[in-house]
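K.L.:
Take a look at the following structure, please.
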Amino acid sequence: MSFDFNGKVALVTGANRGIGEGFVKTLLEAGVSTIYAAARDVSNLDTLVSINPDVIKPVQLDVTRSEQIKALTQTIQTIDILVNNAGIINPAINSAHDAVDFARQEMDVNLFGPMQLTSVLLPALRQSAQGAIINVSSIAGISNFPSIGTYSITKAAMHSYTQGLRADLADSNISVLGVYPGPIDTRMAEGFEMDKPAPEQVAIKSFECLSNGKTDVFPDDFSTQMYATFLDQPQKLADVFASMG
């Protein structure tokens with residue numbers, strides 16, 4: 001069954017740039033009636049909101065702050081689509097002496113924040129006739145990318161969480177998607193020297209999968225090829241990522 005975006009209410013975290021901004025713009029084009037665009041500093045949302053202030057509503061949200069997450073229930077009482085996109089990345093290898101410190105910081109943003117946000121908004125999502133939770137992981141969550149080792153660990157945790165949440169909600173009206181991009185043309189992927197698709201492509205592919213009933217999204221050529229390698233020979237993908245530095 002296709003997914004009807006018309007009139008829906010959505011929340012996108014990390015909406016001030018990159019993939020999050022791409023999701024907001026794509027939701028706007030799809031006909032969503034209200035898009036809550038969330039960022040730690042709402043002033044960074046001014047340009048995005050100006051595209052259509054009647055639809056795009058700025059929301060201050062640091063996903064590591066429980067009080068801000070809980071306060072959202074006063075602002076958002078109806079929601080159909082939750083996009084857990086906010087994330088951070090550190091160039092920390094797995095064996096670094098301070099790897100635990102980096103992992104804790106990344107885990108707070110990349111996993112624990114989305115988990116709490118989803119939990120807080122789940123009662124409202126259950127009231128939707130057709131809801132969706134879209135968790136942005138990474139192809140580095142399928143196999144560890146050593147140069148961003150701690151980030152890979154947190155995205156693997158997000159992958160596992162997504163699978164578990166999908167099982168929990170299997171009998172509900174809520175679809176749960178996991179999105180596994182490779183390097184996208186964003187500030188986060190500046191260090192990767194390769195052709196990188198635009199952030200909007202991640203959103204477009206995600207919504208295509210949502211409408212087609214697919215739950216795992218590999219939105220670019222790199223992630224698609226790497227996942228095919230993983231399915232064929234998991235260790236080969238680990239070796240490829242290790243060789244990429």
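Just remember, in the structure tokens the first chain shown is A, the second B, etc., residues are 1-based per chain, and ligands are 1-based in the order shown.
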Give me the residues within 7 Å of Phe218 in chain A as number ranges by chain, counting only C-alpha atoms and dropping any in the same chain fewer than 4 places off.
P.N.:
A: 179-181, 223-224
K.L.:
Using C-alpha atoms, can you export the residues from the last selection as a PDB file, in the first residue's frame?
P.N.:
ATOM      1  CA  VAL A 179      18.402   4.365   6.096  1.00  0.00           C
ATOM      2  CA  TYR A 180      22.040   3.489   5.347  1.00  0.00           C
ATOM      3  CA  PRO A 181      23.728   6.201   3.255  1.00  0.00           C
ATOM      4  CA  SER A 223      25.889   2.092  -0.131  1.00  0.00           C
ATOM      5  CA  THR A 224      24.049  -0.171  -2.580  1.00  0.00           C
TER       6      THR A 224
END
K.L.:
I'd like the neighbourhood of range 140-153 of chain A as a list in words, where a residue qualifies if any of its atoms comes within 6 Å (using only C-alpha atoms), though same-chain residues fewer than 4 positions away should be ignored.
P.N.:
Ile89, Pro91, Ala92, Ile93, Asn94, Ala103, Ala238, Phe241, Ala242 and Gly245 of chain A
K.L.:
Extract, using only C-alpha atoms, all DNA, RNA and protein residues at most 10 Å from Pro123 in chain A, discarding same-chain residues fewer than 3 positions from it, and format them as a compact mmCIF listing (two decimals) with C-alpha atoms, in the first residue's frame.
P.N.:
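To be explicit, this is the file written out as result14.txt:
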# COMPACT_ATOMS: atom_id res chain seq x y z
CA GLN A 77 0.46 16.70 19.83
CA THR A 78 -0.20 15.22 16.39
CA ILE A 79 2.49 13.53 14.30
CA THR A 118 10.81 8.04 19.62
CA SER A 119 9.56 6.81 22.98
CA VAL A 120 8.12 10.22 23.89
CA ARG A 126 0.12 5.42 17.26
CA GLN A 127 -2.85 7.73 16.69
CA SER A 128 -1.84 8.26 13.06
K.L.:
Using only C-alpha atoms for the distances, tell me which of A:Ala129, A:Leu11, A:Leu231, A:Val32 is nearest to Leu72 in chain A.
P.N.:
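That would be A:Leu11, the residue with the smallest distance to Leu72 in chain A.
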K.L.:
I'd like to know which of A:Phe102, A:Tyr36, A:Tyr161, A:Tyr227 is closest to Phe23 in chain A, using only C-alpha atoms.
P.N.:
A:Tyr36
K.L.:
For Ala228 in chain A, which residue out of A:Ile19, A:Cys209, A:Ala86, A:Ile139 is the nearest one, using only C-alpha atoms?
P.N.:
A:Ile139
K.L.:
Residues within 10 Å of Asp54 in chain A, please, as a VMD selection string. Count only C-alpha atoms; anything in the same chain fewer than 4 positions from it doesn't count.
P.N.:
chain A and resid 33 to 35 49 to 50
K.L.:
Skip Ile81 in chain A itself and residues of its chain fewer than 2 positions away, then list as number ranges by chain all residues within 9 Å of it, counting only C-alpha atoms.
P.N.:
A: 8-12, 79, 83, 125, 128, 130-134, 174
K.L.:
Could you dump the residues just selected with N, CA and C atoms as a PDB file, in the first residue's frame?
P.N.:
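What ended up in out_20.pdb:
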ATOM      1  N   LYS A   8      -0.050  15.262   6.106  1.00  0.00           N
ATOM      2  CA  LYS A   8       0.646  14.650   7.226  1.00  0.00           C
ATOM      3  C   LYS A   8       1.434  15.700   8.026  1.00  0.00           C
ATOM      4  N   VAL A   9       1.758  15.340   9.267  1.00  0.00           N
ATOM      5  CA  VAL A   9       2.586  16.161  10.151  1.00  0.00           C
ATOM      6  C   VAL A   9       3.894  15.406  10.385  1.00  0.00           C
ATOM      7  N   ALA A  10       5.023  16.099  10.226  1.00  0.00           N
ATOM      8  CA  ALA A  10       6.329  15.457  10.339  1.00  0.00           C
ATOM      9  C   ALA A  10       7.250  16.241  11.271  1.00  0.00           C
ATOM     10  N   LEU A  11       8.192  15.527  11.868  1.00  0.00           N
ATOM     11  CA  LEU A  11       9.286  16.126  12.638  1.00  0.00           C
ATOM     12  C   LEU A  11      10.591  15.588  12.086  1.00  0.00           C
ATOM     13  N   VAL A  12      11.527  16.486  11.772  1.00  0.00           N
ATOM     14  CA  VAL A  12      12.848  16.113  11.279  1.00  0.00           C
ATOM     15  C   VAL A  12      13.893  16.691  12.221  1.00  0.00           C
ATOM     16  N   ILE A  79       1.334  13.796  15.158  1.00  0.00           N
ATOM     17  CA  ILE A  79       2.492  13.529  14.300  1.00  0.00           C
ATOM     18  C   ILE A  79       2.275  12.229  13.543  1.00  0.00           C
ATOM     19  N   VAL A  83      11.481  11.662  11.594  1.00  0.00           N
ATOM     20  CA  VAL A  83      12.764  11.397  10.943  1.00  0.00           C
ATOM     21  C   VAL A  83      13.876  11.642  11.949  1.00  0.00           C
ATOM     22  N   LEU A 125       2.254   9.012  17.611  1.00  0.00           N
ATOM     23  CA  LEU A 125       2.420   8.297  16.343  1.00  0.00           C
ATOM     24  C   LEU A 125       1.412   7.167  16.202  1.00  0.00           C
ATOM     25  N   SER A 128      -1.822   7.993  14.491  1.00  0.00           N
ATOM     26  CA  SER A 128      -1.835   8.258  13.058  1.00  0.00           C
ATOM     27  C   SER A 128      -2.467   7.090  12.302  1.00  0.00           C
ATOM     28  N   GLN A 130      -1.670   6.357   9.379  1.00  0.00           N
ATOM     29  CA  GLN A 130      -0.569   5.795   8.591  1.00  0.00           C
ATOM     30  C   GLN A 130       0.707   6.540   8.989  1.00  0.00           C
ATOM     31  N   GLY A 131       1.490   5.943   9.875  1.00  0.00           N
ATOM     32  CA  GLY A 131       2.659   6.618  10.413  1.00  0.00           C
ATOM     33  C   GLY A 131       3.964   6.004   9.935  1.00  0.00           C
ATOM     34  N   ALA A 132       5.055   6.727  10.198  1.00  0.00           N
ATOM     35  CA  ALA A 132       6.377   6.232   9.807  1.00  0.00           C
ATOM     36  C   ALA A 132       7.438   6.789  10.737  1.00  0.00           C
ATOM     37  N   ILE A 133       8.384   5.929  11.094  1.00  0.00           N
ATOM     38  CA  ILE A 133       9.592   6.330  11.805  1.00  0.00           C
ATOM     39  C   ILE A 133      10.762   6.013  10.883  1.00  0.00           C
ATOM     40  N   ILE A 134      11.553   7.022  10.570  1.00  0.00           N
ATOM     41  CA  ILE A 134      12.680   6.868   9.656  1.00  0.00           C
ATOM     42  C   ILE A 134      13.955   7.139  10.436  1.00  0.00           C
ATOM     43  N   ILE A 174       2.420   1.796  12.000  1.00  0.00           N
ATOM     44  CA  ILE A 174       3.649   2.571  11.864  1.00  0.00           C
ATOM     45  C   ILE A 174       4.711   1.747  11.131  1.00  0.00           C
TER      46      ILE A 174
END
K.L.:
Name the residues in contact with Glu21 in chain A at a cut-off of 9 Å, using only C-alpha atoms, excluding same-chain residues fewer than 2 positions from it; report them as a VMD selection string.
P.N.:
chain A and resid 12 14 to 19 23 to 26 37 48 199 to 200
K.L.:
DSSP on the backbone, then: every residue of range 2-243 of chain A marked strand (DSSP E), written as JSON, numbers by chain.
P.N.:
{"A": [9, 10, 11, 12, 34, 35, 36, 37, 38, 39, 56, 57, 58, 59, 60, 81, 82, 83, 84, 131, 132, 133, 134, 135, 136, 174, 175, 176, 177, 178, 179, 216, 217]}
K.L.:
Selection from above, N, CA and C atoms, as an mmCIF file, in the first residue's frame, can you write it?
P.N.:
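What follows is the written file result-v5.cif:
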data_model
loop_
_atom_site.group_PDB
_atom_site.id
_atom_site.type_symbol
_atom_site.label_atom_id
_atom_site.label_comp_id
_atom_site.auth_asym_id
_atom_site.auth_seq_id
_atom_site.Cartn_x
_atom_site.Cartn_y
_atom_site.Cartn_z
ATOM 1 N N VAL A 9 1.758 15.340 9.267
ATOM 2 C CA VAL A 9 2.586 16.161 10.151
ATOM 3 C C VAL A 9 3.894 15.406 10.385
ATOM 4 N N ALA A 10 5.023 16.099 10.226
ATOM 5 C CA ALA A 10 6.329 15.457 10.339
ATOM 6 C C ALA A 10 7.250 16.241 11.271
ATOM 7 N N LEU A 11 8.192 15.527 11.868
ATOM 8 C CA LEU A 11 9.286 16.126 12.638
ATOM 9 C C LEU A 11 10.591 15.588 12.086
ATOM 10 N N VAL A 12 11.527 16.486 11.772
ATOM 11 C CA VAL A 12 12.848 16.113 11.279
ATOM 12 C C VAL A 12 13.893 16.691 12.221
ATOM 13 N N THR A 34 2.436 20.076 7.799
ATOM 14 C CA THR A 34 3.239 20.714 8.836
ATOM 15 C C THR A 34 4.537 19.945 9.007
ATOM 16 N N ILE A 35 5.643 20.677 8.962
ATOM 17 C CA ILE A 35 6.956 20.064 9.167
ATOM 18 C C ILE A 35 7.642 20.789 10.314
ATOM 19 N N TYR A 36 7.851 20.098 11.407
ATOM 20 C CA TYR A 36 8.624 20.644 12.517
ATOM 21 C C TYR A 36 10.100 20.380 12.212
ATOM 22 N N ALA A 37 10.830 21.461 11.949
ATOM 23 C CA ALA A 37 12.251 21.371 11.637
ATOM 24 C C ALA A 37 13.032 21.650 12.911
ATOM 25 N N ALA A 38 13.751 20.648 13.413
ATOM 26 C CA ALA A 38 14.394 20.749 14.715
ATOM 27 C C ALA A 38 15.897 20.925 14.578
ATOM 28 N N ALA A 39 16.449 21.787 15.425
ATOM 29 C CA ALA A 39 17.887 22.008 15.482
ATOM 30 C C ALA A 39 18.244 22.550 16.858
ATOM 31 N N ILE A 56 6.705 24.999 7.387
ATOM 32 C CA ILE A 56 7.925 24.640 8.120
ATOM 33 C C ILE A 56 8.005 25.436 9.416
ATOM 34 N N LYS A 57 7.983 24.732 10.527
ATOM 35 C CA LYS A 57 7.972 25.356 11.852
ATOM 36 C C LYS A 57 9.289 25.037 12.569
ATOM 37 N N PRO A 58 10.041 26.053 12.985
ATOM 38 C CA PRO A 58 11.303 25.793 13.684
ATOM 39 C C PRO A 58 11.077 25.315 15.111
ATOM 40 N N VAL A 59 11.878 24.350 15.515
ATOM 41 C CA VAL A 59 11.783 23.793 16.872
ATOM 42 C C VAL A 59 13.185 23.675 17.444
ATOM 43 N N GLN A 60 13.388 24.198 18.624
ATOM 44 C CA GLN A 60 14.683 24.033 19.278
ATOM 45 C C GLN A 60 14.749 22.650 19.905
ATOM 46 N N ILE A 81 4.965 11.386 10.890
ATOM 47 C CA ILE A 81 6.280 10.992 10.373
ATOM 48 C C ILE A 81 7.364 11.549 11.283
ATOM 49 N N LEU A 82 8.208 10.676 11.802
ATOM 50 C CA LEU A 82 9.358 11.080 12.606
ATOM 51 C C LEU A 82 10.624 10.679 11.866
ATOM 52 N N VAL A 83 11.481 11.662 11.594
ATOM 53 C CA VAL A 83 12.764 11.397 10.943
ATOM 54 C C VAL A 83 13.876 11.642 11.949
ATOM 55 N N ASN A 84 14.455 10.558 12.452
ATOM 56 C CA ASN A 84 15.575 10.636 13.396
ATOM 57 C C ASN A 84 16.867 10.770 12.601
ATOM 58 N N GLY A 131 1.490 5.943 9.875
ATOM 59 C CA GLY A 131 2.659 6.618 10.413
ATOM 60 C C GLY A 131 3.964 6.004 9.935
ATOM 61 N N ALA A 132 5.055 6.727 10.198
ATOM 62 C CA ALA A 132 6.377 6.232 9.807
ATOM 63 C C ALA A 132 7.438 6.789 10.737
ATOM 64 N N ILE A 133 8.384 5.929 11.094
ATOM 65 C CA ILE A 133 9.592 6.330 11.805
ATOM 66 C C ILE A 133 10.762 6.013 10.883
ATOM 67 N N ILE A 134 11.553 7.022 10.570
ATOM 68 C CA ILE A 134 12.680 6.868 9.656
ATOM 69 C C ILE A 134 13.955 7.139 10.436
ATOM 70 N N ASN A 135 14.755 6.099 10.644
ATOM 71 C CA ASN A 135 16.004 6.204 11.392
ATOM 72 C C ASN A 135 17.181 6.247 10.425
ATOM 73 N N VAL A 136 17.937 7.333 10.479
ATOM 74 C CA VAL A 136 19.091 7.475 9.597
ATOM 75 C C VAL A 136 20.310 6.849 10.268
ATOM 76 N N ILE A 174 2.420 1.796 12.000
ATOM 77 C CA ILE A 174 3.649 2.571 11.864
ATOM 78 C C ILE A 174 4.711 1.747 11.131
ATOM 79 N N SER A 175 5.197 2.268 10.019
ATOM 80 C CA SER A 175 6.322 1.660 9.314
ATOM 81 C C SER A 175 7.620 2.162 9.930
ATOM 82 N N VAL A 176 8.612 1.277 10.029
ATOM 83 C CA VAL A 176 9.911 1.655 10.586
ATOM 84 C C VAL A 176 10.973 1.397 9.523
ATOM 85 N N LEU A 177 11.631 2.476 9.091
ATOM 86 C CA LEU A 177 12.653 2.370 8.054
ATOM 87 C C LEU A 177 14.032 2.623 8.636
ATOM 88 N N GLY A 178 14.997 1.859 8.150
ATOM 89 C CA GLY A 178 16.397 2.126 8.421
ATOM 90 C C GLY A 178 17.047 2.641 7.146
ATOM 91 N N VAL A 179 17.777 3.742 7.254
ATOM 92 C CA VAL A 179 18.402 4.365 6.096
ATOM 93 C C VAL A 179 19.919 4.291 6.266
ATOM 94 N N ASP A 216 14.441 -1.244 4.383
ATOM 95 C CA ASP A 216 15.865 -0.924 4.429
ATOM 96 C C ASP A 216 16.211 -0.093 3.197
ATOM 97 N N VAL A 217 16.825 1.065 3.429
ATOM 98 C CA VAL A 217 17.062 2.019 2.351
ATOM 99 C C VAL A 217 18.565 2.218 2.156
#
K.L.:
In Å, with one decimal, what is the gap from CA of Ala170 in chain A to CA of Ser2 in chain A?
P.N.:
17.0 Å
K.L.:
If you run DSSP on the backbone here, which positions in range 35-187 of chain A get helix (DSSP H, G or I)? Please write them as a count of residues only.
P.N.:
73
K.L.:
From the options A:Leu169, A:Leu210, A:Ala156, A:Leu121, which residue's atoms come nearest to Ala71 in chain A, counting only C-alpha atoms?
P.N.:
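Comparing A:Leu169, A:Leu210, A:Ala156, A:Leu121 against Ala71 in chain A, the winner is A:Leu121.
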K.L.:
I want to know what sits within 8 Å of Gly87 in chain A, based on only C-alpha atoms, with residues of the same chain fewer than 5 positions away left out; could you give that as a ChimeraX atom specification?
P.N.:
/A:14,106,109-110
K.L.:
Could the residues in this selection be written to a file with C-alpha atoms, as an mmCIF file, in the first residue's frame?
P.N.:
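For reference, out.cif as written:
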data_model
loop_
_atom_site.group_PDB
_atom_site.id
_atom_site.type_symbol
_atom_site.label_atom_id
_atom_site.label_comp_id
_atom_site.auth_asym_id
_atom_site.auth_seq_id
_atom_site.Cartn_x
_atom_site.Cartn_y
_atom_site.Cartn_z
ATOM 1 C CA GLY A 14 19.093 17.877 12.597
ATOM 2 C CA GLU A 106 28.349 9.997 19.686
ATOM 3 C CA VAL A 109 23.386 11.909 19.890
ATOM 4 C CA ASN A 110 23.243 9.024 17.427
#
K.L.:
Any idea what the distance is between CA of Gln74 in chain A and CA of Met158 in chain A?
P.N.:
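Going from CA of Gln74 in chain A over to CA of Met158 in chain A, I get 26.7 Å.
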